[in-house]
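Novice: Sharing final.tsv here; it has TSV, C-alpha atoms (C1' of nucleotides).
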```tsv
chain	number	residue	atom	x	y	z
A	213	MET	CA	122.77	137.55	69.64
A	214	TYR	CA	119.39	135.98	70.52
A	215	ARG	CA	120.27	136.46	74.18
A	216	LEU	CA	121.04	140.12	73.57
A	217	PHE	CA	117.76	140.63	71.72
A	218	ASP	CA	115.77	138.93	74.47
A	219	THR	CA	117.52	140.92	77.18
A	220	LEU	CA	116.95	144.26	75.47
A	221	PHE	CA	113.37	143.41	74.49
A	222	THR	CA	112.57	142.40	78.06
A	223	ALA	CA	114.16	145.59	79.37
A	224	TYR	CA	112.68	148.09	76.89
A	225	GLY	CA	109.78	146.39	75.10
A	226	PRO	CA	108.79	146.98	71.46
A	227	GLN	CA	110.18	150.24	70.06
A	228	HIS	CA	107.66	150.67	67.19
A	229	TRP	CA	110.22	151.86	64.68
A	230	TRP	CA	110.29	153.64	62.28
A	231	PRO	CA	108.01	156.34	63.74
A	232	ALA	CA	106.64	157.68	60.44
A	233	ASP	CA	103.24	157.90	58.78
A	234	SER	CA	104.52	156.99	55.32
A	235	SER	CA	107.56	155.65	53.49
A	236	GLU	CA	108.16	159.13	52.10
A	237	GLU	CA	108.27	160.55	55.62
A	238	MET	CA	110.49	157.68	56.73
A	239	MET	CA	113.02	158.36	53.96
A	240	ILE	CA	113.08	162.09	54.69
A	241	GLY	CA	113.50	161.38	58.39
A	242	ALA	CA	116.41	159.05	57.69
A	243	ILE	CA	118.31	161.94	56.10
A	244	LEU	CA	117.37	164.48	58.76
A	245	VAL	CA	118.42	162.29	61.68
A	246	GLN	CA	121.98	161.84	60.42
A	247	ASN	CA	124.26	162.76	63.32
A	248	SER	CA	121.39	164.52	65.07
A	249	SER	CA	119.05	163.72	67.93
A	250	TRP	CA	115.66	162.25	67.01
A	251	GLN	CA	114.03	164.66	69.45
A	252	GLN	CA	115.00	167.63	67.29
A	253	VAL	CA	114.22	165.84	64.06
A	254	SER	CA	110.83	164.71	65.31
A	255	SER	CA	109.70	168.24	66.07
A	256	VAL	CA	110.83	169.46	62.65
A	257	ILE	CA	109.04	166.57	60.93
A	258	GLN	CA	105.91	167.38	62.88
A	259	GLN	CA	106.08	170.97	61.66
A	260	LEU	CA	106.67	169.83	58.09
A	261	ARG	CA	103.71	167.47	58.37
A	262	GLN	CA	101.44	170.21	59.67
A	263	GLN	CA	102.45	172.46	56.79
A	264	GLN	CA	102.07	169.55	54.35
A	265	LEU	CA	105.67	169.90	53.22
A	266	LEU	CA	106.73	166.27	53.60
A	267	SER	CA	106.92	165.74	49.88
A	268	PHE	CA	109.67	165.00	47.39
A	269	LEU	CA	107.94	167.31	44.94
A	270	LEU	CA	108.10	170.27	47.33
A	271	ILE	CA	111.68	169.47	48.22
A	272	ARG	CA	112.46	169.94	44.54
A	273	GLN	CA	110.21	172.97	44.05
A	274	LEU	CA	110.68	175.21	47.09
A	275	PRO	CA	113.77	177.43	47.19
A	276	ALA	CA	116.79	176.35	49.22
A	277	GLU	CA	116.42	179.31	51.59
A	278	THR	CA	112.94	178.12	52.56
A	279	TRP	CA	114.22	174.65	53.39
A	280	TRP	CA	117.24	176.05	55.25
A	281	GLN	CA	114.84	177.91	57.51
A	282	LEU	CA	112.62	174.86	58.00
A	283	LEU	CA	115.55	172.55	58.71
A	284	HIS	CA	117.50	174.99	60.86
A	285	PRO	CA	116.70	173.34	64.25
A	286	VAL	CA	118.16	169.95	63.27
A	287	GLY	CA	121.58	171.35	62.40
A	288	PHE	CA	123.61	170.77	59.22
A	289	PHE	CA	120.65	172.36	57.48
A	290	ARG	CA	122.48	173.23	54.25
A	291	VAL	CA	123.96	169.76	53.97
A	292	LYS	CA	120.70	168.06	54.80
A	293	HIS	CA	118.76	170.13	52.29
A	294	ARG	CA	121.30	169.20	49.63
A	295	ARG	CA	120.88	165.52	50.55
A	296	LEU	CA	117.09	165.73	50.58
A	297	LYS	CA	117.23	167.38	47.17
A	298	ALA	CA	119.41	164.58	45.82
A	299	LEU	CA	116.97	162.00	47.21
A	300	ALA	CA	113.98	163.87	45.79
A	301	ASP	CA	115.66	164.14	42.37
A	302	PHE	CA	116.24	160.39	42.49
A	303	MET	CA	112.65	159.70	43.52
A	304	ALA	CA	111.37	161.70	40.54
A	305	HIS	CA	112.36	158.68	38.44
A	306	PHE	CA	109.82	156.66	40.43
A	307	ALA	CA	106.98	159.20	40.28
A	308	ASP	CA	107.89	160.11	43.88
A	309	GLN	CA	106.39	156.77	44.94
A	310	PRO	CA	108.56	154.71	47.33
A	311	SER	CA	106.38	151.69	46.48
A	312	GLN	CA	107.67	151.87	42.90
A	313	LEU	CA	111.27	152.14	44.07
A	314	PHE	CA	110.83	149.24	46.48
A	315	GLN	CA	109.87	146.85	43.68
A	316	SER	CA	113.56	146.17	42.98
A	317	ASP	CA	115.48	143.37	44.64
A	318	SER	CA	117.37	144.26	47.78
A	319	GLN	CA	120.84	144.29	46.25
A	320	SER	CA	120.08	146.62	43.36
A	321	LEU	CA	117.92	148.75	45.63
A	322	ARG	CA	120.80	149.16	48.07
A	323	GLN	CA	123.24	149.99	45.27
A	324	ALA	CA	120.84	152.58	43.88
A	325	LEU	CA	120.42	154.24	47.27
A	326	LEU	CA	124.16	154.23	47.92
A	327	ALA	CA	124.70	156.01	44.61
A	328	ILE	CA	122.69	158.99	45.89
A	329	PRO	CA	125.01	161.62	47.39
A	330	GLY	CA	124.39	161.87	51.12
A	331	ILE	CA	123.12	158.33	51.54
A	332	GLY	CA	125.69	156.02	53.08
A	333	LYS	CA	125.39	152.45	54.28
A	334	GLU	CA	123.56	153.24	57.51
A	335	THR	CA	120.94	155.47	55.90
A	336	ALA	CA	120.49	153.09	52.96
A	337	ASP	CA	120.00	150.11	55.26
A	338	ALA	CA	117.58	152.06	57.45
A	339	ILE	CA	115.46	152.85	54.37
A	340	LEU	CA	115.68	149.22	53.22
A	341	CYS	CA	114.81	147.76	56.62
A	342	TYR	CA	112.14	150.15	57.86
A	343	GLY	CA	110.85	151.50	54.56
A	344	ALA	CA	111.06	148.47	52.26
A	345	GLN	CA	110.90	145.77	54.96
A	346	ARG	CA	114.11	144.11	53.78
A	347	PRO	CA	116.05	141.97	56.28
A	348	LEU	CA	119.09	144.21	56.79
A	349	PHE	CA	120.60	145.12	60.15
A	350	VAL	CA	121.41	148.81	60.50
A	351	VAL	CA	124.86	149.29	61.99
A	352	ASP	CA	125.35	152.53	63.88
A	353	LYS	CA	127.65	153.94	66.53
A	354	TYR	CA	125.47	152.50	69.29
A	355	ALA	CA	125.71	148.97	67.85
A	356	GLN	CA	129.44	149.26	67.36
A	357	ARG	CA	129.91	150.58	70.90
A	358	LEU	CA	127.70	147.91	72.47
A	359	PHE	CA	129.24	145.02	70.52
A	360	SER	CA	132.66	146.38	71.37
A	361	ARG	CA	131.80	146.46	75.08
A	362	LEU	CA	130.44	142.92	74.77
A	363	GLN	CA	133.82	142.09	73.20
A	364	TRP	CA	132.14	140.82	70.05
A	365	CYS	CA	134.18	143.25	67.97
A	366	THR	CA	136.55	146.16	68.43
A	367	GLU	CA	135.87	149.88	68.19
A	368	ILE	CA	137.33	149.94	64.70
A	369	THR	CA	135.51	146.92	63.27
A	370	ASP	CA	133.99	148.05	59.99
A	371	TYR	CA	130.32	148.32	59.06
A	372	ASP	CA	130.13	145.27	56.79
A	373	THR	CA	131.81	142.95	59.30
A	374	ILE	CA	129.40	143.93	62.08
A	375	GLN	CA	126.41	143.61	59.76
A	376	GLN	CA	127.53	140.17	58.59
A	377	MET	CA	127.99	139.10	62.20
A	378	VAL	CA	124.37	139.93	62.98
A	379	HIS	CA	123.05	138.46	59.73
A	380	ALA	CA	124.88	135.20	60.44
A	381	ALA	CA	123.42	134.97	63.93
A	382	LEU	CA	119.78	135.84	63.29
A	383	PRO	CA	117.12	134.85	60.73
A	384	ALA	CA	116.58	137.13	57.72
A	385	ASP	CA	113.59	138.87	59.26
A	386	ALA	CA	113.18	142.61	58.69
A	387	ALA	CA	110.95	143.05	61.74
A	388	LEU	CA	113.42	141.23	63.99
A	389	LEU	CA	116.50	143.06	62.68
A	390	GLY	CA	114.70	146.40	62.76
A	391	GLU	CA	113.59	145.81	66.33
A	392	LEU	CA	117.12	144.86	67.37
A	393	HIS	CA	118.55	148.07	65.93
A	394	ALA	CA	115.87	150.13	67.64
A	395	LEU	CA	116.48	148.38	70.95
A	396	ILE	CA	120.22	148.96	70.68
A	397	VAL	CA	119.64	152.67	70.07
A	398	GLN	CA	117.30	152.86	73.04
A	399	HIS	CA	119.80	151.00	75.19
A	400	GLY	CA	122.62	153.22	73.95
A	401	LYS	CA	120.75	156.38	74.87
A	402	LEU	CA	120.06	155.12	78.39
A	403	HIS	CA	123.03	153.00	79.40
A	404	CYS	CA	125.72	152.83	76.75
A	405	ARG	CA	126.62	156.40	75.95
A	406	LYS	CA	130.06	157.33	74.73
A	407	GLN	CA	131.58	158.31	78.03
A	408	ALA	CA	129.11	156.68	80.39
A	409	ASN	CA	130.05	154.05	82.93
A	410	CYS	CA	127.00	151.93	82.08
A	411	PRO	CA	124.97	152.72	85.23
A	412	GLY	CA	121.91	150.50	85.53
A	413	CYS	CA	122.81	148.44	82.46
A	414	PRO	CA	120.28	145.58	82.12
A	415	ILE	CA	122.68	143.32	80.21
A	416	PRO	CA	123.98	140.87	82.82
A	417	PHE	CA	126.62	139.44	80.49
A	418	CYS	CA	128.15	142.78	79.50
A	419	PRO	CA	131.79	142.95	80.69
A	420	ALA	CA	131.69	146.74	80.72
A	421	ALA	CA	128.60	146.77	82.93
A	422	LEU	CA	130.28	144.30	85.26
A	423	GLY	CA	133.31	146.56	85.47
A	424	ILE	CA	135.55	143.93	83.90
A	425	VAL	CA	136.65	146.30	81.16
A	426	SER	CA	136.33	150.04	80.78
B	926	DT	C1'	132.02	174.99	79.07
B	927	DA	C1'	132.42	170.86	76.68
B	928	DC	C1'	130.47	166.95	74.88
B	929	DC	C1'	127.30	164.51	72.13
B	930	DA	C1'	123.42	163.27	68.92
B	931	DG	C1'	119.64	157.27	65.24
B	932	DG	C1'	126.37	160.21	59.25
B	933	DA	C1'	128.46	161.18	55.04
B	934	DG	C1'	131.82	162.86	52.03
B	935	DA	C1'	135.77	165.61	50.84
B	936	DA	C1'	140.47	166.55	51.83
B	937	DA	C1'	144.78	165.42	53.70
B	938	DA	C1'	148.31	162.29	55.18
C	1000	DT	C1'	144.23	153.12	52.23
C	1001	DT	C1'	143.42	155.39	56.54
C	1002	DT	C1'	142.75	159.46	59.20
C	1003	DT	C1'	141.09	164.07	59.78
C	1004	DC	C1'	138.13	167.79	58.85
C	1005	DT	C1'	133.66	169.91	57.78
C	1006	DC	C1'	128.90	170.50	58.12
C	1007	DA	C1'	125.64	173.27	62.77
C	1008	DT	C1'	121.89	173.33	66.08
C	1009	DG	C1'	120.23	172.20	70.61
C	1010	DG	C1'	120.05	169.38	74.84
C	1011	DT	C1'	122.58	167.81	78.91
```
Is it possible to express this structure as structure tokens?

Specialist:
Amino acid sequence: MYRLFDTLFTAYGPQHWWPADSSEEMMIGAILVQNSSWQQVSSVIQQLRQQQLLSFLLIRQLPAETWWQLLHPVGFFRVKHRRLKALADFMAHFADQPSQLFQSDSQSLRQALLAIPGIGKETADAILCYGAQRPLFVVDKYAQRLFSRLQWCTEITDYDTIQQMVHAALPADAALLGELHALIVQHGKLHCRKQANCPGCPIPFCPAALGIVS
DNA sequence: TACCAGGAGAAAA
DNA sequence: TTTTCTCATGGT
């Protein structure tokens, strides 16, 4: 796992995740990016920032139709508004201050986030890692695909097993685990796409890149 | 044209 | 319990 991190870091350099100006923006972005490209989400967030709409309060106050229009470019705009609303309702219990929410220990924080409709393990761990600086590896399709091609797991290995594998191999360091996830996403976009044949893959020990397996 | 993107949850089997 | 379907726009 260290070798993978070093290889990816050498190839791509620091990724500077999560690209957000505040924890509030980070949490909103985590919902918006679900099953969507960051390119689309980034432009929407930029618009929201310019209009000073990146606020849990305004998510609660403005009518759904307004948010549907604002979120339209990222897709799933009705679903994502509903999820943002659920998150904003939850944050009202913490005066809309992520810093208040993040005072809890990691386990109860994760359970609380997972209890919010629309926040699953990946989104919860992203908020914990990048928002609250907790040492949790975010498992996504890119990680599963890469580890599968490295023959460290299969394509149906579940989230918890993959996460535990990474946690067992690396120190409990939020910056390190966050950087690894970001590097894997960057690598996935460039060389490890779903139906790609890994052209130009910088991982010398990847069986798929070597053509050993498909 | 078809596939895919920094998922999650409900419904069906 | 596991698999399938739904949500939806935009880039490649």

Novice: Give me, as a list in words, the contact residues of chain A against chain B at a cut-off of 8 Å, counting all atoms listed in the file.

Specialist: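 That gives Val245, Gln246, Asn247, Ser248, Ser249, Trp250, Gly330, Ile331, Gly332, Glu334, Thr335, Asp352 and Val397 of chain A for chain A.
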
Novice: So what do you get for CA of His379 in chain A versus CA of Leu348 in chain A, distance-wise?

Specialist: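 Between these atoms lies a distance of 7.6 Å.
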
Novice: Could you write out as a PDB file with C-alpha atoms (C1' of nucleotides), keeping the file's coordinate frame the residues of chain C within 7 Å of chain A, counting all atoms listed in the file?

Specialist:
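This is the output file iface.pdb:
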```pdb
ATOM      1  C1'  DC C1006     128.900 170.500  58.120  1.00  0.00           C
ATOM      2  C1'  DA C1007     125.640 173.270  62.770  1.00  0.00           C
ATOM      3  C1'  DT C1008     121.890 173.330  66.080  1.00  0.00           C
TER       4       DT C1008
END
```

Novice: Quick one, how far is CA of Lys353 in chain A from CA of His293 in chain A?

Specialist: 23.3 Å

Novice: By how many Å are CA of Ile328 in chain A and CA of Ser234 in chain A apart?

Specialist: 20.6 Å

Novice: Please determine an axis-aligned box that encloses all atoms of range 927-938 of chain B listed in the file, with 3 Å added on each side, and express its centre and edge lengths in Å to one decimal as lines of an AutoDock Vina configuration file.

Specialist:
```
center_x = 134.0
center_y = 164.1
center_z = 63.8
size_x = 34.7
size_y = 19.6
size_z = 31.8
```

Novice: For Gln273 in chain A, please output as a list in words all residues within 12 Å (counting all atoms listed in the file; exclusion window: fewer than 4 positions along the same chain).

Specialist: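 My list of contacting residues is Leu265, Ser267, Phe268, Leu269, Glu277, Thr278, Trp279, Leu296, Lys297, Ala300, Asp301 and Ala304 of chain A.
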
Novice: Neighbouring residues of Phe349 in chain A were defined as those with any atom within 9 Å, considering all atoms listed in the file; residues of the same chain fewer than 2 positions away were excluded. Please report them as a PyMOL selection string.

Specialist: chain A and resi 337-338+341+347+351+375-376+378-379+386+389-390+392-393

Novice: With a distance cut-off of 9 Å and all atoms listed in the file, select the neighbouring residues of Leu321 in chain A, excluding the residue or stretch itself and same-chain residues fewer than 6 positions from it, and output the selection as a ChimeraX atom specification.

Specialist: /A:313-315,336,340

Novice: Might you pull out every residue within 12 Å of Gln356 in chain A, with all atoms listed in the file counted and same-chain residues fewer than 5 positions away left off, and present them as a list in words?

Specialist: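 In the requested form, the answer reads Val350, Val351, Arg361, Leu362, Gln363, Trp364, Cys365, Thr366, Glu367, Ile368, Thr369, Asp370, Tyr371, Asp372, Thr373, Ile374, Gln375, Met377, Val378, His393, Ile396, Val397, Gly400, Cys404, Arg405 and Lys406 of chain A.
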